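Data from entry-v5.txt: compact mmCIF, C-alpha atoms
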# COMPACT_ATOMS: atom_id res chain seq x y z
CA MET X 1348 49.91 -27.78 -10.94
CA ALA X 1349 48.70 -30.31 -13.49
CA GLY X 1350 45.88 -31.30 -11.11
CA ILE X 1351 44.62 -27.70 -10.89
CA PHE X 1352 44.78 -27.39 -14.71
CA ASN X 1353 42.80 -30.61 -15.12
CA ARG X 1354 40.08 -29.40 -12.72
CA LEU X 1355 39.81 -26.06 -14.57
CA MET X 1356 39.72 -27.66 -18.03
CA PRO X 1357 37.03 -30.39 -18.12
CA ALA X 1358 37.89 -33.66 -19.75
CA LYS X 1359 34.82 -33.58 -22.02
CA ARG X 1360 35.14 -31.46 -25.14
CA TRP X 1361 32.57 -28.75 -25.96
CA THR X 1362 30.73 -30.41 -28.81
CA PRO X 1363 27.83 -28.80 -30.75
CA SER X 1364 25.34 -31.06 -28.94
CA ARG X 1365 26.66 -29.89 -25.55
CA TYR X 1366 26.33 -26.23 -26.64
CA ARG X 1367 22.72 -26.90 -27.69
CA ALA X 1368 21.99 -28.58 -24.35
CA LEU X 1369 23.45 -25.58 -22.48
CA LEU X 1370 21.38 -23.16 -24.58
CA ARG X 1371 18.23 -25.14 -23.81
CA ALA X 1372 18.99 -25.03 -20.06
CA ARG X 1373 20.33 -21.48 -19.73
CA GLY X 1374 19.89 -19.70 -23.07
CA PRO X 1375 17.34 -17.02 -24.10
CA ARG X 1376 14.64 -19.64 -24.71
CA SER X 1377 15.10 -21.40 -21.36
CA VAL X 1378 12.49 -21.06 -18.60
CA GLN X 1379 15.15 -19.72 -16.22
CA PHE X 1380 16.22 -16.94 -18.60
CA ARG X 1381 12.63 -15.98 -19.49
CA THR X 1382 11.61 -15.93 -15.81
CA ARG X 1383 14.45 -13.54 -14.96
CA ALA X 1384 13.62 -11.37 -17.98
CA ALA X 1385 9.94 -11.26 -16.91
CA ILE X 1386 10.81 -10.16 -13.36
CA LEU X 1387 13.33 -7.51 -14.42
CA ALA X 1388 11.10 -6.14 -17.20
CA GLY X 1389 8.20 -6.15 -14.73
CA ALA X 1390 10.24 -4.18 -12.21
CA ILE X 1391 11.03 -1.49 -14.79
CA LEU X 1392 7.36 -1.32 -15.82
CA VAL X 1393 6.27 -1.13 -12.16
CA GLY X 1394 8.45 1.96 -11.67
CA ILE X 1395 6.91 3.63 -14.74
CA VAL X 1396 3.30 2.65 -13.92
CA ALA X 1397 3.64 3.71 -10.26
CA THR X 1398 5.02 7.10 -11.32
CA LEU X 1399 2.23 7.72 -13.85
CA PHE X 1400 -0.40 6.68 -11.30
CA ALA X 1401 1.13 8.97 -8.67
CA GLU X 1402 1.07 11.90 -11.11
CA ALA X 1403 -2.58 11.20 -11.98
CA ALA X 1404 -3.58 10.93 -8.29
CA ASP X 1405 -1.77 14.18 -7.41
CA TRP X 1406 -3.49 15.92 -10.35
CA ALA X 1407 -6.90 14.65 -9.20
CA GLY X 1408 -6.23 15.83 -5.64
CA ALA X 1409 -5.27 19.31 -6.87
CA VAL X 1410 -8.43 19.50 -9.04
CA PHE X 1411 -10.64 18.60 -6.07
CA ASP X 1412 -8.88 21.11 -3.79
CA ARG X 1413 -9.61 23.92 -6.25
CA TYR X 1414 -13.20 22.75 -6.62
CA ALA X 1415 -13.77 22.55 -2.83
CA LYS X 1416 -12.39 26.06 -2.35
CA SER X 1417 -14.42 27.57 -5.20
CA TRP X 1418 -17.69 25.76 -4.39
CA HIS X 1419 -17.48 25.31 -0.63
CA TRP X 1420 -20.90 23.72 -0.02
CA LEU X 1421 -21.34 21.76 -3.25
CA PRO X 1422 -19.33 18.69 -2.10
CA LEU X 1423 -22.21 18.02 0.35
CA ILE X 1424 -24.09 16.84 -2.75
CA THR X 1425 -21.33 15.71 -5.13
CA THR X 1426 -19.23 13.61 -2.70
CA PRO X 1427 -22.07 11.24 -1.61
CA LEU X 1428 -23.18 10.92 -5.26
CA THR X 1429 -19.58 10.13 -6.28
CA PHE X 1430 -19.36 7.43 -3.58
CA MET X 1431 -22.61 5.86 -4.79
CA ALA X 1432 -21.56 5.96 -8.45
CA LEU X 1433 -18.12 4.47 -7.79
CA VAL X 1434 -19.49 1.62 -5.66
CA TRP X 1435 -22.15 0.84 -8.31
CA VAL X 1436 -19.55 0.75 -11.10
CA ALA X 1437 -17.10 -1.30 -9.02
CA ARG X 1438 -19.72 -3.87 -7.98
CA ARG X 1439 -21.13 -4.23 -11.49
CA TYR X 1440 -17.98 -4.22 -13.62
CA ALA X 1441 -14.95 -4.82 -11.35
CA PRO X 1442 -15.91 -6.31 -7.96
CA LEU X 1443 -12.31 -7.37 -7.30
CA ALA X 1444 -11.12 -3.75 -7.59
CA ARG X 1445 -12.81 -2.58 -4.39
CA GLY X 1446 -10.86 -1.55 -1.31
CA SER X 1447 -7.14 -1.12 -0.82
CA GLY X 1448 -5.53 -3.63 -3.19
CA ILE X 1449 -3.16 -5.15 -0.65
CA PRO X 1450 -5.66 -7.82 0.53
CA GLN X 1451 -6.06 -8.88 -3.11
CA VAL X 1452 -2.29 -9.36 -3.46
CA ILE X 1453 -2.16 -11.40 -0.24
CA ALA X 1454 -5.03 -13.58 -1.49
CA ALA X 1455 -3.37 -13.91 -4.91
CA GLN X 1456 -0.43 -15.81 -3.45
CA ALA X 1457 -2.60 -18.90 -2.92
CA SER X 1458 -2.91 -19.41 -6.68
CA PRO X 1459 -0.86 -16.81 -8.57
CA ASN X 1460 -1.62 -17.98 -12.12
CA GLU X 1461 -5.38 -18.06 -11.50
CA ALA X 1462 -5.14 -14.68 -9.74
CA ALA X 1463 -3.52 -13.20 -12.85
CA LYS X 1464 -6.91 -13.73 -14.54
CA THR X 1465 -8.98 -12.34 -11.65
CA LEU X 1466 -7.56 -10.55 -8.58
CA ILE X 1467 -4.55 -9.07 -10.38
CA SER X 1468 -5.79 -9.13 -13.97
CA ILE X 1469 -5.17 -6.14 -16.24
CA ARG X 1470 -8.95 -5.55 -16.44
CA THR X 1471 -9.22 -5.41 -12.63
CA VAL X 1472 -6.29 -3.07 -12.09
CA VAL X 1473 -7.22 -0.70 -14.91
CA ALA X 1474 -10.64 -0.37 -13.25
CA LYS X 1475 -8.86 0.02 -9.91
CA ALA X 1476 -6.70 2.89 -11.17
CA VAL X 1477 -9.58 4.73 -12.86
CA LEU X 1478 -11.96 4.33 -9.90
CA THR X 1479 -9.28 5.36 -7.37
CA ILE X 1480 -8.66 8.55 -9.37
CA GLY X 1481 -12.45 9.04 -9.36
CA ALA X 1482 -12.47 8.64 -5.57
CA VAL X 1483 -9.74 11.29 -5.21
CA LEU X 1484 -11.71 13.60 -7.55
CA GLY X 1485 -14.72 13.07 -5.28
CA GLY X 1486 -12.88 14.08 -2.10
CA ALA X 1487 -12.67 10.60 -0.55
CA SER X 1488 -10.10 10.03 2.19
CA VAL X 1489 -8.02 7.61 0.12
CA GLY X 1490 -4.38 7.07 -0.80
CA ARG X 1491 -2.77 5.67 -3.93
CA GLU X 1492 -0.22 3.36 -2.27
CA GLY X 1493 -2.49 0.31 -1.71
CA PRO X 1494 -3.84 0.42 -5.29
CA THR X 1495 -0.22 0.77 -6.51
CA VAL X 1496 0.58 -2.57 -4.82
CA GLN X 1497 -2.23 -4.29 -6.77
CA LEU X 1498 -1.19 -2.52 -9.99
CA ALA X 1499 2.41 -3.63 -9.51
CA ALA X 1500 1.46 -7.27 -8.88
CA ALA X 1501 -0.66 -7.20 -12.06
CA VAL X 1502 2.28 -5.83 -14.06
CA MET X 1503 4.39 -8.78 -12.88
CA GLY X 1504 1.62 -11.16 -13.91
CA PHE X 1505 1.42 -9.50 -17.34
CA THR X 1506 5.17 -9.80 -18.06
CA HIS X 1507 5.10 -13.48 -17.02
CA ARG X 1508 2.19 -14.22 -19.36
CA LEU X 1509 3.97 -12.32 -22.13
CA VAL X 1510 7.01 -14.63 -22.04
CA ARG X 1511 4.93 -17.69 -21.10
CA VAL X 1512 6.42 -18.66 -17.77
CA PRO X 1513 4.44 -19.57 -14.62
CA LEU X 1514 3.89 -16.86 -12.00
CA ARG X 1515 5.12 -17.72 -8.49
CA GLY X 1516 3.85 -16.40 -5.16
CA GLY X 1517 7.24 -14.86 -4.42
CA VAL X 1518 7.05 -12.81 -7.61
CA VAL X 1519 3.59 -11.51 -6.64
CA ILE X 1520 5.18 -10.40 -3.35
CA ALA X 1521 8.04 -8.78 -5.25
CA GLY X 1522 5.62 -6.88 -7.48
CA GLY X 1523 3.58 -5.61 -4.55
CA ALA X 1524 6.66 -4.58 -2.59
CA ALA X 1525 8.13 -2.88 -5.66
CA GLY X 1526 4.89 -0.89 -5.81
CA VAL X 1527 5.41 0.34 -2.23
CA ALA X 1528 9.03 1.23 -3.01
CA ALA X 1529 8.05 3.20 -6.11
CA ALA X 1530 4.99 4.88 -4.53
CA PHE X 1531 6.87 6.33 -1.55
CA ASN X 1532 10.38 6.43 -3.06
CA THR X 1533 11.40 4.11 -0.21
CA PRO X 1534 13.22 0.96 -1.45
CA LEU X 1535 14.02 -0.32 2.06
CA ALA X 1536 10.39 0.05 3.15
CA GLY X 1537 9.33 -1.93 0.08
CA LEU X 1538 11.66 -4.77 1.02
CA LEU X 1539 10.46 -4.87 4.63
CA PHE X 1540 6.83 -4.69 3.54
CA ALA X 1541 7.42 -7.78 1.38
CA ILE X 1542 8.90 -9.70 4.28
CA GLU X 1543 6.69 -8.43 7.09
CA GLU X 1544 3.22 -7.93 5.63
CA LEU X 1545 2.73 -9.54 2.22
CA ALA X 1546 4.65 -12.73 3.02
CA SER X 1547 4.03 -13.01 6.76
CA ALA X 1548 1.50 -15.82 6.42
CA TYR X 1549 3.58 -17.88 4.03
CA GLU X 1550 6.83 -19.83 3.95
CA GLN X 1551 8.46 -17.57 1.40
CA ARG X 1552 12.15 -17.15 0.64
CA VAL X 1553 13.01 -13.63 -0.53
CA THR X 1554 15.57 -14.22 -3.29
CA LEU X 1555 18.11 -11.87 -4.81
CA LEU X 1556 15.85 -11.59 -7.85
CA VAL X 1557 12.99 -10.32 -5.64
CA LEU X 1558 15.34 -7.78 -4.06
CA ALA X 1559 16.50 -6.73 -7.52
CA ALA X 1560 12.89 -6.16 -8.62
CA ILE X 1561 12.21 -3.90 -5.62
CA VAL X 1562 15.40 -1.90 -6.11
CA ILE X 1563 14.94 -1.54 -9.90
CA ALA X 1564 11.33 -0.35 -9.54
CA GLY X 1565 12.45 2.19 -6.93
CA MET X 1566 15.33 3.39 -9.13
CA VAL X 1567 13.09 3.76 -12.20
CA ALA X 1568 10.52 5.75 -10.21
CA GLN X 1569 13.30 7.88 -8.72
CA SER X 1570 14.85 8.59 -12.12
CA VAL X 1571 11.49 9.81 -13.44
CA GLN X 1572 10.25 11.66 -10.34
CA GLY X 1573 13.65 12.86 -9.13
CA ASP X 1574 15.43 12.06 -5.86
CA TYR X 1575 12.83 13.49 -3.52
CA ILE X 1576 11.92 12.83 0.13
CA TYR X 1577 8.15 12.29 0.51
CA PHE X 1578 7.61 14.64 3.47
CA GLY X 1579 10.84 16.61 3.02
CA ALA X 1580 14.14 16.41 4.92
CA ILE X 1581 12.89 16.90 8.50
CA GLY X 1582 15.83 15.28 10.31
CA ALA X 1583 14.00 15.08 13.67
CA HIS X 1584 15.87 14.08 16.85
CA MET X 1585 14.90 13.42 20.45
CA PRO X 1586 17.07 13.04 23.59
CA LEU X 1587 17.18 9.50 24.99
CA LEU X 1588 15.55 10.39 28.33
CA SER X 1589 12.69 12.13 26.54
CA ALA X 1590 12.24 9.14 24.23
CA LEU X 1591 11.94 6.81 27.24
CA LEU X 1592 8.93 8.84 28.34
CA VAL X 1593 7.31 9.70 24.99
CA ALA X 1594 7.70 6.37 23.12
CA PRO X 1595 5.59 4.19 25.48
CA ILE X 1596 2.72 6.72 25.66
CA ALA X 1597 2.79 7.35 21.90
CA GLY X 1598 2.96 3.62 21.24
CA VAL X 1599 -0.03 2.77 23.44
CA ALA X 1600 -2.18 5.71 22.28
CA GLY X 1601 -1.39 5.36 18.58
CA GLY X 1602 -1.46 1.56 18.61
CA MET X 1603 -4.85 1.35 20.30
CA ALA X 1604 -6.28 3.99 17.94
CA GLY X 1605 -4.94 2.02 14.96
CA GLY X 1606 -6.37 -1.19 16.39
CA LEU X 1607 -9.76 0.48 16.78
CA PHE X 1608 -9.70 1.56 13.12
CA SER X 1609 -8.82 -2.00 12.03
CA LYS X 1610 -11.53 -3.50 14.23
CA VAL X 1611 -14.22 -1.25 12.72
CA VAL X 1612 -13.13 -1.94 9.12
CA LEU X 1613 -12.90 -5.71 9.71
CA ALA X 1614 -16.24 -5.79 11.52
CA MET X 1615 -17.94 -4.12 8.54
CA ALA X 1616 -16.15 -6.40 6.04
CA VAL X 1617 -16.48 -9.83 7.66
CA GLY X 1618 -18.64 -9.33 10.76
CA GLY X 1619 -22.25 -10.42 11.15
CA ASN X 1620 -24.74 -8.03 12.76
CA ARG X 1621 -27.79 -6.00 11.73
CA LEU X 1622 -25.74 -3.03 10.50
CA THR X 1623 -23.39 -5.12 8.34
CA GLY X 1624 -26.37 -7.10 7.05
CA TRP X 1625 -28.13 -3.90 5.99
CA ALA X 1626 -24.92 -2.47 4.47
CA ARG X 1627 -24.37 -5.62 2.36
CA GLY X 1628 -28.01 -5.67 1.31
CA ASN X 1629 -28.02 -1.97 0.37
CA PRO X 1630 -24.44 -1.21 -0.76
CA ILE X 1631 -25.27 1.87 -2.86
CA LYS X 1632 -27.34 3.52 -0.09
CA PHE X 1633 -24.64 2.66 2.46
CA ALA X 1634 -21.97 4.21 0.21
CA GLY X 1635 -24.11 7.36 0.00
CA LEU X 1636 -24.30 7.54 3.81
CA CYS X 1637 -20.52 7.08 4.11
CA GLY X 1638 -20.01 9.76 1.45
CA SER X 1639 -22.26 12.11 3.44
CA VAL X 1640 -20.08 11.61 6.56
CA VAL X 1641 -16.93 12.36 4.53
CA ALA X 1642 -18.59 15.42 2.92
CA LEU X 1643 -19.83 16.87 6.23
CA LEU X 1644 -16.40 16.45 7.84
CA GLY X 1645 -14.65 17.93 4.80
CA VAL X 1646 -16.94 20.93 4.39
CA PHE X 1647 -17.03 21.88 8.07
CA THR X 1648 -13.32 21.29 8.80
CA GLY X 1649 -11.75 22.00 5.41
CA LEU X 1650 -8.88 19.65 6.35
CA THR X 1651 -10.05 16.04 6.06
CA TRP X 1652 -10.35 15.76 2.27
CA GLY X 1653 -8.09 13.44 0.28
CA THR X 1654 -4.83 11.94 1.49
CA GLY X 1655 -4.22 14.56 4.19
CA TYR X 1656 -0.63 14.94 2.95
CA SER X 1657 -0.43 18.75 3.30
CA SER X 1658 -1.92 18.69 6.81
CA ALA X 1659 0.46 15.90 7.88
CA ARG X 1660 3.48 17.75 6.50
CA ALA X 1661 2.42 20.98 8.21
CA MET X 1662 2.25 19.21 11.58
CA ILE X 1663 5.61 17.50 11.01
CA VAL X 1664 7.36 20.84 10.43
CA GLY X 1665 5.81 22.22 13.63
CA ILE X 1666 2.81 24.22 12.40
CA ASP X 1667 -0.05 24.15 14.91
CA ALA X 1668 -3.15 22.24 13.84
CA PRO X 1669 -6.55 21.83 15.51
CA LEU X 1670 -6.58 19.07 18.13
CA TRP X 1671 -9.65 17.51 16.53
CA PHE X 1672 -7.84 16.86 13.23
CA GLY X 1673 -6.69 13.32 14.12
CA PRO X 1674 -10.11 11.99 15.22
CA ALA X 1675 -11.90 13.77 12.34
CA LYS X 1676 -9.48 12.37 9.73
CA MET X 1677 -9.74 8.91 11.29
CA LEU X 1678 -13.55 9.04 10.98
CA ALA X 1679 -13.36 10.25 7.35
CA THR X 1680 -10.89 7.47 6.48
CA ALA X 1681 -13.00 4.80 8.22
CA ALA X 1682 -16.14 6.00 6.40
CA THR X 1683 -14.29 5.83 3.08
CA ALA X 1684 -12.76 2.41 3.81
CA ILE X 1685 -16.07 0.73 4.74
CA ALA X 1686 -18.00 2.31 1.85
CA GLY X 1687 -16.59 -0.24 -0.60
CA LEU X 1688 -15.04 2.05 -3.19
CA PRO X 1689 -11.47 1.48 -4.46
CA GLY X 1690 -8.65 3.33 -2.69
CA GLY X 1691 -5.86 2.83 -0.17
CA ILE X 1692 -5.40 3.78 3.49
CA PHE X 1693 -1.60 4.22 3.69
CA ALA X 1694 -1.40 7.99 3.18
CA PRO X 1695 -4.60 8.82 5.14
CA SER X 1696 -3.27 6.67 8.02
CA LEU X 1697 -0.05 8.69 8.07
CA ALA X 1698 -2.18 11.86 8.25
CA VAL X 1699 -4.25 10.44 11.14
CA GLY X 1700 -0.98 9.48 12.84
CA ALA X 1701 0.21 13.08 12.48
CA GLY X 1702 -3.03 14.09 14.20
CA VAL X 1703 -2.26 11.64 17.04
CA GLY X 1704 1.22 13.17 17.29
CA ASN X 1705 -0.35 16.64 17.34
CA LEU X 1706 -2.43 15.61 20.37
CA LEU X 1707 0.69 14.22 22.06
CA ARG X 1708 2.39 17.59 21.63
CA GLU X 1709 -0.09 18.93 24.20
CA VAL X 1710 1.02 16.21 26.63
CA PHE X 1711 4.75 16.86 25.96
CA PRO X 1712 4.98 20.61 25.21
CA GLY X 1713 8.69 20.75 26.05
CA GLU X 1714 9.75 18.05 23.58
CA PRO X 1715 10.74 18.62 19.91
CA ALA X 1716 7.44 19.02 18.03
CA SER X 1717 8.54 17.28 14.83
CA ALA X 1718 9.85 14.25 16.72
CA VAL X 1719 6.64 13.86 18.75
CA VAL X 1720 4.46 14.08 15.61
CA ILE X 1721 6.61 11.50 13.78
CA LEU X 1722 6.38 9.11 16.75
CA GLY X 1723 2.59 9.52 16.64
CA MET X 1724 2.65 8.66 12.93
CA VAL X 1725 4.78 5.56 13.50
CA ALA X 1726 2.51 4.42 16.33
CA TYR X 1727 -0.80 4.81 14.49
CA PHE X 1728 0.51 3.38 11.21
CA ALA X 1729 2.00 0.36 13.02
CA GLY X 1730 -1.31 -0.04 14.87
CA VAL X 1731 -3.31 -0.13 11.64
CA VAL X 1732 -1.01 -2.14 9.37
CA ARG X 1733 0.62 -4.24 12.15
CA ALA X 1734 3.98 -4.07 10.37
CA PRO X 1735 6.22 -2.24 12.86
CA LEU X 1736 9.49 -2.49 10.89
CA THR X 1737 7.79 -1.16 7.75
CA ALA X 1738 6.28 1.72 9.76
CA VAL X 1739 9.69 2.75 11.09
CA ILE X 1740 11.50 2.53 7.76
CA ILE X 1741 8.73 4.35 5.85
CA LEU X 1742 8.82 7.25 8.32
CA SER X 1743 12.61 7.34 8.48
CA GLU X 1744 12.87 7.36 4.66
CA THR X 1745 9.99 9.81 4.06
CA THR X 1746 11.24 12.35 6.62
CA ALA X 1747 15.02 11.68 6.57
CA SER X 1748 14.81 11.33 10.38
CA ARG X 1749 17.34 8.56 10.86
CA GLY X 1750 18.43 10.10 14.16
CA LEU X 1751 15.01 9.16 15.56
CA MET X 1752 15.31 5.47 14.64
CA LEU X 1753 15.62 3.97 18.14
CA PRO X 1754 12.62 5.87 19.59
CA MET X 1755 10.65 4.94 16.45
CA PHE X 1756 11.47 1.24 16.85
CA ALA X 1757 10.42 1.31 20.51
CA THR X 1758 7.19 3.15 19.65
CA ALA X 1759 6.35 0.80 16.76
CA PHE X 1760 6.79 -2.42 18.74
CA ILE X 1761 4.73 -1.05 21.65
CA ALA X 1762 2.05 0.10 19.17
CA ASP X 1763 1.96 -3.34 17.53
CA ALA X 1764 1.32 -4.95 20.92
CA ALA X 1765 -1.24 -2.29 21.94
CA SER X 1766 -3.12 -2.74 18.66
CA GLN X 1767 -3.55 -6.45 19.41
CA TRP X 1768 -5.33 -5.58 22.67
CA VAL X 1769 -8.09 -4.02 20.57
CA CYS X 1770 -7.99 -6.12 17.36
CA ARG X 1771 -6.34 -9.53 17.31
CA GLU X 1772 -6.41 -10.02 13.54
CA LYS X 1773 -4.16 -8.17 11.10
CA LEU X 1774 -6.23 -5.83 8.94
CA TYR X 1775 -5.00 -6.79 5.47
CA HIS X 1776 -4.95 -10.52 6.18
CA GLY X 1777 -8.48 -10.36 7.57
CA LEU X 1778 -9.69 -8.47 4.49
CA SER X 1779 -7.91 -10.92 2.18
CA ARG X 1780 -10.43 -13.60 3.26
CA THR X 1781 -13.11 -11.67 1.38
CA PHE X 1782 -11.09 -12.21 -1.84
CA ALA X 1783 -10.92 -16.02 -1.76
CA MET X 1784 -9.72 -17.33 -5.11
CA GLN X 1785 -12.55 -18.12 -7.51
CA GLU X 1786 -12.50 -19.76 -10.92
CA THR X 1787 -14.96 -17.26 -12.41
CA PRO X 1788 -13.35 -14.19 -13.95
CA PRO X 1789 -14.51 -10.81 -12.60
CA SER X 1790 -16.52 -9.99 -15.71
CA HIS X 1791 -19.00 -12.76 -14.74
CA GLN X 1792 -19.46 -11.62 -11.13
CA HIS X 1793 -22.24 -9.09 -10.56
For this file, write the structure as structure tokens.
Amino acid sequence: MAGIFNRLMPAKRWTPSRYRALLRARGPRSVQFRTRAAILAGAILVGIVATLFAEAADWAGAVFDRYAKSWHWLPLITTPLTFMALVWVARRYAPLARGSGIPQVIAAQASPNEAAKTLISIRTVVAKAVLTIGAVLGGASVGREGPTVQLAAAVMGFTHRLVRVPLRGGVVIAGGAAGVAAAFNTPLAGLLFAIEELASAYEQRVTLLVLAAIVIAGMVAQSVQGDYIYFGAIGAHMPLLSALLVAPIAGVAGGMAGGLFSKVVLAMAVGGNRLTGWARGNPIKFAGLCGSVVALLGVFTGLTWGTGYSSARAMIVGIDAPLWFGPAKMLATAATAIAGLPGGIFAPSLAVGAGVGNLLREVFPGEPASAVVILGMVAYFAGVVRAPLTAVIILSETTASRGLMLPMFATAFIADAASQWVCREKLYHGLSRTFAMQETPPSHQH
């Protein structure tokens, strides 16, 4: 008994000098304490910023919808002009704000503290947010989720600078993943995205603090926005025998389509041929041409504008949609992505995937419509992003279709393999090469 007491009560007495030493190591002024405070404060801020950005993007989408209905033909002029203006502003004032935002966060991990002054600086992400809202107001086929990842990483960088502690690569991952969790109201998807996509090229240990950041950001966003399900509680199911037939075909079709999209975007970003040479030499004219493609598709179909959320949701709940929707939305999203203006591809990719699922409904007319559409979404999204676990969890959390999990996993893994037949390189990691870390801040790059 005395031995236990001696182990519990240390021989050394707690002197004032020992208290001071403990305070230096663990107290409020210690690096460990300040680092934890920076991550937790950052997570709370990420939830708030993601919610405000989502509200602004939804408002911009509603404004454009009213405009396109009232002035049906006018977007043929205004959309290409908007594309040209946004690309000019981005190239002149915020070149690191172009594109999705996820490649910037991947590139930022190489040198997080330098990236906090460039790739994920407050200046860059403020420009990113404003220009993305401008793209939505112009009718571009963009989403807010990719930009939210860059915004969230910048918030983490800001809180670390505020308390004067170094920013680590793992924290950049945590910020980006927290952005996904807050944007979709899907904490599990945020966690898997951190592991599978953002950190896949790095030896990176996901700590409890990183998990806490993702969960806190999701909880803050949920407390502000309410406990909602992104596409509504669909609860789709599919019999096992049907899944054995549908999953492989959905996986191959969706995965190859997603791989084709990635191949086109990567070819325009890093490829070398006459078309890419002309596009890089004439970026404003090229943006105008891309805007014209988006405008023509939008005006003549009426369905390919913006994120495609309402069309995707309609197909999920079983409402018939034109068979050409998937290919048309894919073309509009590709034209937007290669134009060079800021904006994400998450939400438009889910809409294209719904279009793929809508085509598959014609092949499997006797199967549950909602389940087939969701499998198409999983397949195409996994084909584009090449993150099969994230694809499954996002769709299960955004549709409350946990009963479809096994068919979704099978579809996603098949789609991931099928995508590699068409495009070997992962889209975001390929694009991250165009954001190699530079010493010069963005304000000096024209």
Open item on the list: Calculated over all atoms listed in the file, which of the candidates X:Ile1453, X:Ala1385, X:Ala1659, X:Leu1697 has the smallest distance to X:Arg1511?
Closed with: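 When distances to X:Arg1511 are compared using all atoms listed in the file, the smallest one comes from X:Ala1385.
Considering the residues X:Gly1605, X:Gly1645, X:Pro1427, X:Pro1674 and counting all atoms listed in the file, X:Val1732 has its shortest atom-to-atom contact with X:Gly1605.
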- [ ] Pick out the closest residue to X:Leu1588 from this set: X:Pro1754, X:Gly1408, X:Gly1653, X:Gly1628. Count all atoms listed in the file.
- [x]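 Selected residue with least distance to X:Leu1588: X:Pro1754.
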- [ ] Compare X:Ile1480, X:Arg1749, X:Ala1521, X:Ile1685 by their minimum atom-to-atom distance to X:Thr1623, counting all atoms listed in the file, and give me the closest one.
- [x] X:Ile1685
Task: Minimum-distance residue to X:Gly1389, chosen among X:Ser1766, X:Thr1506, X:Thr1465, X:Thr1429 (using all atoms listed in the file) - done: X:Thr1506
Open item on the list: Please report the interatomic distance between atom CA of X:Gly1598 and atom CA of X:Pro1735 in Å with one decimal.
Closed with: 10.7 Å
Open item on the list: Between X:Leu1607, X:Met1724, X:Val1512, X:Ala1759, which residue has the minimum interatomic distance to X:Arg1771, considering all atoms listed in the file?
Closed with: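 Using all atoms listed in the file, the shortest distance to X:Arg1771 belongs to X:Leu1607.
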Task: atom CA of X:Gly1602 to atom CA of X:Met1755, distance in Å rounded to a single decimal - done: 12.8 Å
TODO: Kindly give the distance, in Å, that separates atom CA of X:Val1473 and atom CA of X:Ala1560, rounded to a single decimal.
DONE: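 These atoms are spaced 21.8 Å apart.
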- [ ] Write out as an MDAnalysis selection string the residues lying within 10 Å of X:Thr1648, counting only C-alpha atoms and excluding same-chain residues fewer than 5 positions away.
- [x] chainID X and resid 1642:1643 1669 1671:1672 1675:1676
- [ ] Skip stretch 1708-1716 of chain X itself and residues of its chain fewer than 5 positions away, then list as a PyMOL selection string all residues within 12 Å of it, counting all atoms listed in the file.
- [x] chain X and resi 1581-1590+1592-1594+1596-1597+1600+1661-1670+1701-1703+1721-1723+1751
- [ ] Skip stretch 1396-1406 of chain X itself and residues of its chain fewer than 5 positions away, then list as a list in words all residues within 8 Å of it, counting all atoms listed in the file.
- [x]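 After dropping sequence-adjacent residues, the list is Ala1476, Ile1480, Val1483, Arg1491, Thr1495, Leu1498, Ala1499, Gly1526, Ala1529, Ala1530, Ala1568, Val1571 and Gln1572 of chain X.
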Open item on the list: Need to verify the contact set: X:Gln1451, 9 Å, only C-alpha atoms, exclusion of same-chain residues closer than 4 positions in sequence. Can you return it as a PyMOL selection string?
Closed with: chain X and resi 1443-1444+1446-1447+1455-1456+1462+1466-1467+1497+1775+1778-1779+1781-1783
Open item on the list: With all atoms listed in the file as the counted atoms, please give the residues lying no more than 7 Å from X:Val1489, apart from itself and same-chain residues fewer than 2 positions off, as a list in words.
Closed with: Val1483, Ala1487, Arg1491, Gly1653, Thr1654, Thr1680, Gly1690, Gly1691, Ile1692 and Pro1695 of chain X
Selection as a compact mmCIF listing (two decimals) with C-alpha atoms, keeping the file's coordinate frame: residues within 12 Å of (-18.1, -1.8, -13.3), counting all atoms listed in the file:
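Okay, selection_22.txt is ready:
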# COMPACT_ATOMS: atom_id res chain seq x y z
CA ALA X 1432 -21.56 5.96 -8.45
CA LEU X 1433 -18.12 4.47 -7.79
CA VAL X 1434 -19.49 1.62 -5.66
CA TRP X 1435 -22.15 0.84 -8.31
CA VAL X 1436 -19.55 0.75 -11.10
CA ALA X 1437 -17.10 -1.30 -9.02
CA ARG X 1438 -19.72 -3.87 -7.98
CA ARG X 1439 -21.13 -4.23 -11.49
CA TYR X 1440 -17.98 -4.22 -13.62
CA ALA X 1441 -14.95 -4.82 -11.35
CA PRO X 1442 -15.91 -6.31 -7.96
CA LEU X 1443 -12.31 -7.37 -7.30
CA ALA X 1444 -11.12 -3.75 -7.59
CA ARG X 1445 -12.81 -2.58 -4.39
CA ARG X 1470 -8.95 -5.55 -16.44
CA THR X 1471 -9.22 -5.41 -12.63
CA VAL X 1472 -6.29 -3.07 -12.09
CA VAL X 1473 -7.22 -0.70 -14.91
CA ALA X 1474 -10.64 -0.37 -13.25
CA LYS X 1475 -8.86 0.02 -9.91
CA VAL X 1477 -9.58 4.73 -12.86
CA LEU X 1478 -11.96 4.33 -9.90
CA LEU X 1688 -15.04 2.05 -3.19
CA PRO X 1689 -11.47 1.48 -4.46
CA PRO X 1789 -14.51 -10.81 -12.60
CA SER X 1790 -16.52 -9.99 -15.71
CA HIS X 1791 -19.00 -12.76 -14.74
CA GLN X 1792 -19.46 -11.62 -11.13
CA HIS X 1793 -22.24 -9.09 -10.56
Centre and size of axis-aligned box enclosing stretch 1717-1732 of chain X plus 4 Å each side, as AutoDock Vina command-line options:
--center_x 3.3 --center_y 7.6 --center_z 14.1 --size_x 21.2 --size_y 27.4 --size_z 17.4
